[in-house]
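Structure file entry-v7.cif with mmCIF, C-alpha atoms:
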data_run
loop_
_atom_site.group_PDB
_atom_site.id
_atom_site.type_symbol
_atom_site.label_atom_id
_atom_site.label_comp_id
_atom_site.auth_asym_id
_atom_site.auth_seq_id
_atom_site.Cartn_x
_atom_site.Cartn_y
_atom_site.Cartn_z
ATOM 1 C CA GLN S 14 83.799 -30.999 91.468
ATOM 2 C CA LEU S 15 80.425 -31.808 89.935
ATOM 3 C CA TYR S 16 82.170 -32.663 86.681
ATOM 4 C CA TYR S 17 84.277 -35.222 88.552
ATOM 5 C CA GLN S 18 81.222 -36.796 90.142
ATOM 6 C CA VAL S 19 79.405 -37.106 86.856
ATOM 7 C CA LEU S 20 82.456 -38.688 85.226
ATOM 8 C CA ASN S 21 82.780 -41.118 88.085
ATOM 9 C CA PHE S 22 79.162 -42.107 87.859
ATOM 10 C CA GLY S 23 79.562 -42.574 84.136
ATOM 11 C CA MET S 24 82.559 -44.838 84.707
ATOM 12 C CA ILE S 25 80.624 -47.022 87.114
ATOM 13 C CA VAL S 26 77.734 -47.387 84.712
ATOM 14 C CA SER S 27 79.950 -48.177 81.740
ATOM 15 C CA SER S 28 81.998 -50.699 83.740
ATOM 16 C CA ALA S 29 78.818 -52.468 84.743
ATOM 17 C CA LEU S 30 77.696 -52.466 81.129
ATOM 18 C CA MET S 31 81.050 -53.842 79.961
ATOM 19 C CA ILE S 32 80.892 -56.663 82.490
ATOM 20 C CA TRP S 33 77.377 -57.549 81.401
ATOM 21 C CA LYS S 34 78.245 -57.491 77.708
ATOM 22 C CA GLY S 35 81.382 -59.507 78.427
ATOM 23 C CA LEU S 36 79.276 -62.111 80.208
ATOM 24 C CA MET S 37 76.959 -62.254 77.232
ATOM 25 C CA VAL S 38 79.877 -63.000 74.909
ATOM 26 C CA VAL S 39 81.547 -65.559 77.173
ATOM 27 C CA THR S 40 78.381 -67.516 77.845
ATOM 28 C CA GLY S 41 76.906 -67.076 74.389
ATOM 29 C CA SER S 42 73.576 -66.158 75.896
ATOM 30 C CA GLU S 43 71.665 -62.918 75.448
ATOM 31 C CA SER S 44 70.613 -63.183 79.067
ATOM 32 C CA PRO S 45 73.347 -64.918 81.054
ATOM 33 C CA ILE S 46 71.720 -64.328 84.420
ATOM 34 C CA VAL S 47 68.002 -64.809 84.989
ATOM 35 C CA VAL S 48 65.702 -64.764 87.975
ATOM 36 C CA VAL S 49 63.307 -67.649 88.578
ATOM 37 C CA LEU S 50 59.814 -66.197 88.467
ATOM 38 C CA SER S 51 57.546 -69.128 89.255
ATOM 39 C CA GLY S 52 57.352 -72.168 91.478
ATOM 40 C CA SER S 53 57.169 -74.622 88.599
ATOM 41 C CA MET S 54 60.634 -76.019 89.297
ATOM 42 C CA GLU S 55 60.257 -76.526 93.012
ATOM 43 C CA PRO S 56 61.733 -77.866 95.169
ATOM 44 C CA ALA S 57 64.899 -77.324 93.157
ATOM 45 C CA PHE S 58 64.350 -73.634 92.405
ATOM 46 C CA HIS S 59 62.092 -71.123 94.050
ATOM 47 C CA ARG S 60 60.881 -67.697 93.034
ATOM 48 C CA GLY S 61 63.767 -65.317 93.459
ATOM 49 C CA ASP S 62 66.611 -67.745 92.797
ATOM 50 C CA LEU S 63 69.262 -66.520 90.399
ATOM 51 C CA LEU S 64 70.346 -68.790 87.527
ATOM 52 C CA PHE S 65 73.587 -68.623 85.562
ATOM 53 C CA LEU S 66 73.223 -69.681 81.939
ATOM 54 C CA THR S 67 75.390 -70.619 79.006
ATOM 55 C CA ASN S 68 74.183 -70.967 75.464
ATOM 56 C CA ARG S 69 77.116 -72.393 73.569
ATOM 57 C CA ILE S 70 76.083 -73.798 70.215
ATOM 58 C CA GLU S 71 78.502 -76.722 70.581
ATOM 59 C CA ASP S 72 76.642 -77.914 73.669
ATOM 60 C CA PRO S 73 73.960 -80.279 72.466
ATOM 61 C CA ILE S 74 70.522 -80.164 74.072
ATOM 62 C CA ARG S 75 69.940 -83.387 75.993
ATOM 63 C CA VAL S 76 67.166 -84.649 78.230
ATOM 64 C CA GLY S 77 67.462 -83.784 81.899
ATOM 65 C CA GLU S 78 69.018 -80.406 81.204
ATOM 66 C CA ILE S 79 67.420 -77.309 82.599
ATOM 67 C CA VAL S 80 66.775 -74.851 79.800
ATOM 68 C CA VAL S 81 65.550 -71.303 79.782
ATOM 69 C CA PHE S 82 63.417 -70.616 76.745
ATOM 70 C CA ARG S 83 61.076 -68.022 75.322
ATOM 71 C CA ILE S 84 57.850 -68.780 73.547
ATOM 72 C CA GLU S 85 57.458 -66.889 70.303
ATOM 73 C CA GLY S 86 55.642 -63.678 70.935
ATOM 74 C CA ARG S 87 56.077 -63.798 74.691
ATOM 75 C CA GLU S 88 58.622 -61.805 76.584
ATOM 76 C CA ILE S 89 58.909 -63.777 79.780
ATOM 77 C CA PRO S 90 61.455 -66.615 79.736
ATOM 78 C CA ILE S 91 60.536 -69.968 81.250
ATOM 79 C CA VAL S 92 62.858 -72.246 83.195
ATOM 80 C CA HIS S 93 62.007 -75.949 82.793
ATOM 81 C CA ARG S 94 63.609 -79.323 82.197
ATOM 82 C CA VAL S 95 63.978 -81.109 78.858
ATOM 83 C CA LEU S 96 61.747 -84.191 78.726
ATOM 84 C CA LYS S 97 62.105 -85.444 75.151
ATOM 85 C CA ILE S 98 64.361 -84.730 72.198
ATOM 86 C CA HIS S 99 64.280 -85.812 68.581
ATOM 87 C CA GLU S 100 67.390 -84.805 66.696
ATOM 88 C CA LYS S 101 68.086 -85.276 63.013
ATOM 89 C CA GLN S 102 71.378 -86.203 61.428
ATOM 90 C CA ASN S 103 72.055 -82.595 60.447
ATOM 91 C CA GLY S 104 71.644 -81.316 63.993
ATOM 92 C CA ASP S 105 68.076 -79.998 63.685
ATOM 93 C CA ILE S 106 66.477 -80.708 66.997
ATOM 94 C CA LYS S 107 62.989 -80.478 68.419
ATOM 95 C CA PHE S 108 62.344 -80.952 72.102
ATOM 96 C CA LEU S 109 59.662 -80.949 74.766
ATOM 97 C CA THR S 110 59.952 -79.460 78.235
ATOM 98 C CA LYS S 111 58.230 -79.816 81.602
ATOM 99 C CA GLY S 112 58.437 -78.081 84.935
ATOM 100 C CA ASP S 113 59.502 -80.427 87.746
ATOM 101 C CA ASN S 114 56.608 -79.225 89.847
ATOM 102 C CA ASN S 115 54.011 -79.423 87.058
ATOM 103 C CA ALA S 116 51.867 -82.475 86.480
ATOM 104 C CA VAL S 117 51.943 -82.173 82.693
ATOM 105 C CA ASP S 118 54.442 -81.165 80.039
ATOM 106 C CA ASP S 119 54.631 -77.695 78.576
ATOM 107 C CA ARG S 120 52.645 -78.257 75.360
ATOM 108 C CA GLY S 121 49.836 -76.210 76.913
ATOM 109 C CA LEU S 122 52.209 -73.297 77.319
ATOM 110 C CA TYR S 123 53.549 -73.246 73.784
ATOM 111 C CA LYS S 124 52.016 -71.213 70.974
ATOM 112 C CA PRO S 125 48.721 -72.664 69.727
ATOM 113 C CA GLY S 126 49.580 -75.473 67.336
ATOM 114 C CA GLN S 127 53.185 -75.581 68.460
ATOM 115 C CA GLN S 128 54.219 -79.075 69.576
ATOM 116 C CA TRP S 129 57.955 -78.665 70.058
ATOM 117 C CA LEU S 130 60.621 -76.173 70.955
ATOM 118 C CA GLU S 131 63.640 -75.538 68.756
ATOM 119 C CA LYS S 132 67.154 -74.285 69.301
ATOM 120 C CA LYS S 133 66.123 -70.779 68.382
ATOM 121 C CA ASP S 134 63.717 -70.627 71.321
ATOM 122 C CA VAL S 135 66.484 -71.294 73.830
ATOM 123 C CA VAL S 136 67.960 -68.437 75.845
ATOM 124 C CA GLY S 137 70.420 -70.687 77.651
ATOM 125 C CA ARG S 138 71.130 -73.760 79.733
ATOM 126 C CA ALA S 139 71.227 -73.449 83.534
ATOM 127 C CA ARG S 140 74.724 -74.293 84.724
ATOM 128 C CA GLY S 141 74.688 -72.923 88.245
ATOM 129 C CA PHE S 142 72.520 -71.010 90.641
ATOM 130 C CA VAL S 143 72.391 -68.935 93.770
ATOM 131 C CA PRO S 144 69.257 -68.931 95.908
ATOM 132 C CA TYR S 145 67.164 -65.966 97.074
ATOM 133 C CA ILE S 146 69.255 -63.134 95.624
ATOM 134 C CA GLY S 147 66.927 -62.439 92.732
ATOM 135 C CA ILE S 148 64.091 -61.560 95.124
ATOM 136 C CA VAL S 149 65.216 -57.947 94.866
ATOM 137 C CA THR S 150 64.441 -57.958 91.137
ATOM 138 C CA ILE S 151 61.018 -59.460 91.721
ATOM 139 C CA LEU S 152 60.231 -56.944 94.450
ATOM 140 C CA MET S 153 61.300 -54.113 92.195
ATOM 141 C CA ASN S 154 59.014 -55.444 89.492
ATOM 142 C CA ASP S 155 55.991 -55.970 91.670
ATOM 143 C CA TYR S 156 56.343 -52.798 93.679
ATOM 144 C CA PRO S 157 57.542 -49.951 91.455
ATOM 145 C CA LYS S 158 57.782 -47.625 94.437
ATOM 146 C CA PHE S 159 60.377 -49.999 95.865
ATOM 147 C CA LYS S 160 62.335 -49.774 92.614
ATOM 148 C CA TYR S 161 62.421 -45.996 92.736
ATOM 149 C CA ALA S 162 63.434 -46.096 96.377
ATOM 150 C CA VAL S 163 66.330 -48.446 95.565
ATOM 151 C CA LEU S 164 67.491 -46.329 92.638
ATOM 152 C CA PHE S 165 67.193 -43.178 94.695
ATOM 153 C CA LEU S 166 69.225 -44.703 97.522
ATOM 154 C CA LEU S 167 71.859 -45.956 95.078
ATOM 155 C CA GLY S 168 72.157 -42.535 93.518
ATOM 156 C CA LEU S 169 72.420 -40.956 96.934
ATOM 157 C CA PHE S 170 75.079 -43.445 97.945
ATOM 158 C CA VAL S 171 77.212 -42.705 94.907
ATOM 159 C CA LEU S 172 77.015 -38.961 95.430
ATOM 160 C CA VAL S 173 77.673 -39.034 99.138
ATOM 161 C CA HIS S 174 80.467 -41.578 98.824
ATOM 162 C CA ARG S 175 82.458 -39.392 96.494
ATOM 163 C CA GLU S 176 82.729 -36.460 98.876
ATOM 164 C CA LEU V 24 72.749 -100.447 88.846
ATOM 165 C CA ARG V 25 70.413 -102.785 87.017
ATOM 166 C CA LYS V 26 67.143 -102.648 85.161
ATOM 167 C CA ASN V 27 64.933 -105.377 83.730
ATOM 168 C CA VAL V 28 62.255 -104.658 81.255
ATOM 169 C CA GLU V 29 59.492 -106.104 79.215
ATOM 170 C CA ASP V 30 57.753 -104.150 76.575
ATOM 171 C CA PHE V 31 55.426 -103.942 73.643
ATOM 172 C CA THR V 32 54.362 -101.322 71.154
ATOM 173 C CA GLY V 33 50.884 -99.969 70.559
ATOM 174 C CA PRO V 34 49.668 -98.810 67.177
ATOM 175 C CA ARG V 35 48.789 -95.181 66.833
ATOM 176 C CA GLU V 36 47.773 -93.264 63.782
ATOM 177 C CA ARG V 37 50.968 -91.411 63.240
ATOM 178 C CA SER V 38 53.508 -92.337 65.871
ATOM 179 C CA ASP V 39 54.563 -95.453 67.664
ATOM 180 C CA LEU V 40 53.797 -95.639 71.350
ATOM 181 C CA GLY V 41 55.969 -97.892 73.452
ATOM 182 C CA PHE V 42 55.182 -99.383 76.831
ATOM 183 C CA VAL V 43 57.939 -100.320 79.186
ATOM 184 C CA THR V 44 57.842 -101.753 82.675
ATOM 185 C CA PHE V 45 61.015 -101.841 84.652
ATOM 186 C CA ASP V 46 62.799 -102.546 87.884
ATOM 187 C CA ILE V 47 65.497 -100.242 89.178
ATOM 188 C CA THR V 48 68.115 -101.254 91.677
ATOM 189 C CA ALA V 49 70.566 -98.475 92.262
ATOM 190 C CA ASP V 50 72.934 -97.089 94.782
ATOM 191 C CA ILE V 51 73.682 -93.421 94.222
ATOM 192 C CA LEU V 52 77.124 -92.596 95.479
ATOM 193 C CA ASN V 53 79.296 -89.575 95.276
ATOM 194 C CA GLY V 54 81.634 -90.341 92.410
ATOM 195 C CA LYS V 55 84.262 -87.836 93.400
ATOM 196 C CA ASN V 56 84.845 -88.517 97.048
ATOM 197 C CA VAL V 57 85.301 -92.182 97.872
ATOM 198 C CA LEU V 58 85.647 -91.599 101.608
ATOM 199 C CA GLN V 59 82.247 -89.986 101.817
ATOM 200 C CA ARG V 60 79.754 -92.669 100.850
ATOM 201 C CA SER V 61 76.631 -90.652 100.355
ATOM 202 C CA ILE V 62 76.059 -88.281 97.468
ATOM 203 C CA PHE V 63 74.273 -85.977 99.871
ATOM 204 C CA ASP V 64 77.176 -83.830 101.042
ATOM 205 C CA TRP V 65 76.889 -80.407 102.693
ATOM 206 C CA ASN V 66 76.061 -78.653 99.471
ATOM 207 C CA VAL V 67 73.561 -81.065 97.961
ATOM 208 C CA LYS V 68 69.929 -80.031 98.354
ATOM 209 C CA GLN V 69 68.347 -82.723 96.209
ATOM 210 C CA LEU V 70 68.796 -85.043 93.261
ATOM 211 C CA PHE V 71 66.534 -85.092 90.260
ATOM 212 C CA LEU V 72 66.625 -88.658 88.954
ATOM 213 C CA TYR V 73 65.383 -89.647 85.548
ATOM 214 C CA LEU V 74 65.269 -92.802 83.502
ATOM 215 C CA SER V 75 65.729 -92.009 79.835
ATOM 216 C CA ALA V 76 65.456 -94.127 76.719
ATOM 217 C CA GLU V 77 67.852 -93.341 73.906
ATOM 218 C CA TYR V 78 67.538 -94.733 70.407
ATOM 219 C CA SER V 79 67.970 -94.057 66.726
ATOM 220 C CA THR V 80 65.330 -94.157 64.023
ATOM 221 C CA LYS V 81 65.066 -93.636 60.289
ATOM 222 C CA ASN V 82 63.487 -90.226 60.901
ATOM 223 C CA ASN V 83 65.810 -88.998 63.594
ATOM 224 C CA ALA V 84 69.462 -89.795 64.237
ATOM 225 C CA LEU V 85 69.049 -89.326 67.985
ATOM 226 C CA ASN V 86 65.991 -89.622 70.182
ATOM 227 C CA GLN V 87 65.880 -89.304 73.938
ATOM 228 C CA VAL V 88 62.707 -89.764 75.941
ATOM 229 C CA VAL V 89 62.401 -89.490 79.704
ATOM 230 C CA LEU V 90 60.262 -92.376 80.883
ATOM 231 C CA TRP V 91 60.267 -91.758 84.583
ATOM 232 C CA ASP V 92 61.644 -89.268 87.059
ATOM 233 C CA LYS V 93 61.858 -88.794 90.791
ATOM 234 C CA ILE V 94 63.002 -86.124 93.148
ATOM 235 C CA MET V 95 65.245 -87.425 95.888
ATOM 236 C CA LEU V 96 65.557 -84.975 98.747
ATOM 237 C CA ARG V 97 68.420 -84.668 101.152
ATOM 238 C CA GLY V 98 67.696 -87.200 103.830
ATOM 239 C CA ASP V 99 66.068 -89.724 101.516
ATOM 240 C CA ASN V 100 67.645 -93.113 101.161
ATOM 241 C CA PRO V 101 70.150 -93.078 98.279
ATOM 242 C CA ARG V 102 69.459 -96.766 97.667
ATOM 243 C CA LEU V 103 66.683 -97.405 95.198
ATOM 244 C CA SER V 104 64.871 -100.655 94.884
ATOM 245 C CA LEU V 105 61.849 -100.210 92.676
ATOM 246 C CA LYS V 106 59.978 -103.082 91.119
ATOM 247 C CA ASP V 107 57.426 -103.306 88.364
ATOM 248 C CA MET V 108 57.334 -99.620 87.613
ATOM 249 C CA LYS V 109 55.363 -98.251 84.721
ATOM 250 C CA SER V 110 56.660 -95.280 82.793
ATOM 251 C CA LYS V 111 55.376 -91.937 84.009
ATOM 252 C CA TYR V 112 55.365 -90.350 80.598
ATOM 253 C CA PHE V 113 54.059 -91.620 77.303
ATOM 254 C CA PHE V 114 56.811 -93.094 75.218
ATOM 255 C CA PHE V 115 55.824 -91.657 71.849
ATOM 256 C CA ASP V 116 58.224 -91.746 68.961
ATOM 257 C CA ASP V 117 58.324 -89.018 66.367
ATOM 258 C CA GLY V 118 57.150 -91.370 63.672
ATOM 259 C CA ASN V 119 57.142 -95.143 63.568
ATOM 260 C CA GLY V 120 60.648 -95.860 64.739
ATOM 261 C CA LEU V 121 59.873 -98.101 67.716
ATOM 262 C CA LYS V 122 58.484 -101.094 65.869
ATOM 263 C CA GLY V 123 61.261 -103.582 65.363
ATOM 264 C CA ASN V 124 63.824 -101.284 66.893
ATOM 265 C CA ARG V 125 66.328 -103.612 68.477
ATOM 266 C CA ASN V 126 68.408 -101.115 70.305
ATOM 267 C CA ILE V 127 66.752 -98.866 72.845
ATOM 268 C CA THR V 128 69.158 -97.981 75.640
ATOM 269 C CA LEU V 129 67.770 -97.175 79.059
ATOM 270 C CA THR V 130 69.989 -95.116 81.345
ATOM 271 C CA LEU V 131 69.484 -93.709 84.802
ATOM 272 C CA SER V 132 70.865 -90.199 85.272
ATOM 273 C CA TRP V 133 70.516 -87.466 87.801
ATOM 274 C CA ASN V 134 70.841 -83.731 88.190
ATOM 275 C CA VAL V 135 72.606 -82.693 91.374
ATOM 276 C CA VAL V 136 70.926 -79.582 92.747
ATOM 277 C CA PRO V 137 73.228 -77.826 95.227
ATOM 278 C CA ASN V 138 72.258 -75.310 97.885
ATOM 279 C CA ALA V 139 74.203 -72.921 95.716
ATOM 280 C CA GLY V 140 76.643 -73.455 92.878
ATOM 281 C CA ILE V 141 77.060 -75.592 89.792
ATOM 282 C CA LEU V 142 74.295 -77.883 88.504
ATOM 283 C CA PRO V 143 75.939 -81.023 87.161
ATOM 284 C CA LEU V 144 74.233 -83.833 85.283
ATOM 285 C CA VAL V 145 75.555 -87.258 86.147
ATOM 286 C CA THR V 146 74.927 -90.475 84.259
ATOM 287 C CA GLY V 147 74.757 -93.666 86.230
ATOM 288 C CA SER V 148 77.039 -96.513 85.315
ATOM 289 C CA GLY V 149 75.263 -99.475 83.864
ATOM 290 C CA HIS V 150 72.571 -99.300 81.274
ATOM 291 C CA VAL V 151 70.199 -101.741 79.673
ATOM 292 C CA SER V 152 69.472 -102.321 76.029
ATOM 293 C CA VAL V 153 65.900 -103.144 75.171
ATOM 294 C CA PRO V 154 64.521 -104.408 71.883
ATOM 295 C CA PHE V 155 60.995 -103.605 70.803
ATOM 296 C CA PRO V 156 59.026 -106.301 69.006
ATOM 297 C CA ASP V 157 58.321 -106.315 65.285
ATOM 298 C CA THR V 158 54.573 -106.279 65.647
ATOM 299 C CA TYR V 159 52.069 -104.085 67.346
ATOM 300 C CA GLU V 160 50.007 -105.233 70.293
ATOM 301 C CA THR V 161 46.379 -104.438 69.989
ATOM 302 C CA THR V 162 44.802 -106.127 72.950
ATOM 303 C CA LYS V 163 47.039 -105.646 75.944
ATOM 304 C CA SER V 164 45.745 -103.156 78.459
ATOM 305 C CA TYR V 165 48.145 -100.932 80.290
#

Translate this structure into structure tokens?
Amino acid sequence: QLYYQVLNFGMIVSSALMIWKGLMVVTGSESPIVVVLSGSMEPAFHRGDLLFLTNRIEDPIRVGEIVVFRIEGREIPIVHRVLKIHEKQNGDIKFLTKGDNNAVDDRGLYKPGQQWLEKKDVVGRARGFVPYIGIVTILMNDYPKFKYAVLFLLGLFVLVHRE
Amino acid sequence: LRKNVEDFTGPRERSDLGFVTFDITADILNGKNVLQRSIFDWNVKQLFLYLSAEYSTKNNALNQVVLWDKIMLRGDNPRLSLKDMKSKYFFFDDGNGLKGNRNITLTLSWNVVPNAGILPLVTGSGHVSVPFPDTYETTKSY
């Protein structure tokens, strides 16, 4: 009986993992779904909105696009809009970004001495979004007790459901 | 959709800086649904409009610079009639590719931000080609 429950739980976890990995392959992004963490893109996106990304190499980076990028050495991805691009014949591109709700461009956010972003800094391009849903992730981050409560409840649900 | 511009370049140590003033007359309609005149349908929260300049230089095969942008919220008038606007952002080139560049194309585009769903980028029909002069201006104030 317990053996069955454990197996079942394992199946759920591995299915979830397969779906996530599948999404990563299809979209070409290492992080196909991200949560908006700041208000720098308001009123379009607010903290807690969920963004769906693609990162296909064939898609060129063009101004106006909303990109999610990481600054070298920093873990947290930033969601802003492309303001300027300069692309060479061979495809090498350098670009500048700015949050819709910020007065200035992102140069102040980049690494000291860094003037431009490059393709390698990009996690993905925002193609679609759903509002509010990501709030759960933010709550879990800001209030660890909440995270444990959620996990505990989920675990409880799985066990009880199987009876 | 129409824009008129006048322009001049300013000398800078390393990169050309261009100055553009423009008028925008535009009517933003929903391209897909002809019956419904306004772009603001039930699932459109706002539009992010931007005027971008696209050009080619010796240094870079493709350059795109956003000169001006505006957020148009649901409920705002989709007809734009702006005169004598100055660019919001500095029009720096990566190098000296603006001087004498005859072919800078200005296009108005917008990002449709839905309440939920896909985020499309739409380019307006109609664009204007602007030439920059061969010499730098040193005295004009902006």

Taking only C-alpha atoms into account, report as a ChimeraX atom specification which residues of chain V lie within 10 Å of chain S.
-> /V:68-94,96,112,114-117,132-145

Rank nothing, just name the residue among S:Gly41, S:Gly35, S:Gly61, S:Gly121 nearest to Ile151 in chain S, using all atoms listed in the file.
-> S:Gly61

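Rounded to one decimal, CA of Lys106 in chain V and CA of Thr146 in chain V lie 20.7 Å from each other.
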
What separation in Å, quoted to one decimal, exists between CA of Leu152 in chain S and CA of His59 in chain S?
-> 14.3 Å

Evaluate the PyMOL selection byres ((chain V and resi 49) around 6) and report residues as JSON, numbers by chain | {"V": [24, 48, 50, 102, 103]}

Saved selection, atoms kept: C-alpha atoms, as a PDB file, in the frame of the given file:
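File produced: selection_6.pdb:
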ATOM      1  CA  LEU V  24      72.749-100.447  88.846  1.00  0.00           C
ATOM      2  CA  THR V  48      68.115-101.254  91.677  1.00  0.00           C
ATOM      3  CA  ASP V  50      72.934 -97.089  94.782  1.00  0.00           C
ATOM      4  CA  ARG V 102      69.459 -96.766  97.667  1.00  0.00           C
ATOM      5  CA  LEU V 103      66.683 -97.405  95.198  1.00  0.00           C
TER       6      LEU V 103
END

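With only the atoms specified (only C-alpha atoms) counting, those residues at most 12 Å away from (75.1, -57.6, 87.7) are Ile25, Val26, Ser28, Ala29, Leu30, Met31, Ile32, Trp33, Lys34, Gly35, Leu36, Met37, Ser44, Pro45, Ile46, Val47, Val48, Leu63, Phe65, Ile146, Gly147 and Thr150 of chain S.
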
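Going from CA of Leu166 in chain S to CA of Val19 in chain S covers 16.6 Å.
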
Mind checking which residues fall within 6 Å of range 119-123 of chain V, counting only C-alpha atoms, ignoring those fewer than 2 positions away in the same chain, and posting them as a PyMOL selection string?
-> chain V and resi 38-39+80+125+155-157

Please provide the set of residues having any atom within 7 Å of Val80 in chain S, restricted to all atoms listed in the file, with same-chain residues fewer than 3 positions apart removed, written as an MDAnalysis selection string.
-> chainID S and resid 92:95 135 137:139

Could you save those same residues with C-alpha atoms as a short mmCIF file (atom, residue, chain, number, x, y, z; two decimals), in the coordinates of the input?
data_model
loop_
_atom_site.label_atom_id
_atom_site.label_comp_id
_atom_site.auth_asym_id
_atom_site.auth_seq_id
_atom_site.Cartn_x
_atom_site.Cartn_y
_atom_site.Cartn_z
CA VAL S 92 62.86 -72.25 83.20
CA HIS S 93 62.01 -75.95 82.79
CA ARG S 94 63.61 -79.32 82.20
CA VAL S 95 63.98 -81.11 78.86
CA VAL S 135 66.48 -71.29 73.83
CA GLY S 137 70.42 -70.69 77.65
CA ARG S 138 71.13 -73.76 79.73
CA ALA S 139 71.23 -73.45 83.53
#

Axis-aligned box over every listed atom of range 92-105 of chain V, padded by 5 Å per side: centre and edges in Å to one decimal, as AutoDock Vina command-line options?
--center_x 65.9 --center_y -92.7 --center_z 95.4 --size_x 18.5 --size_y 26.0 --size_z 26.8
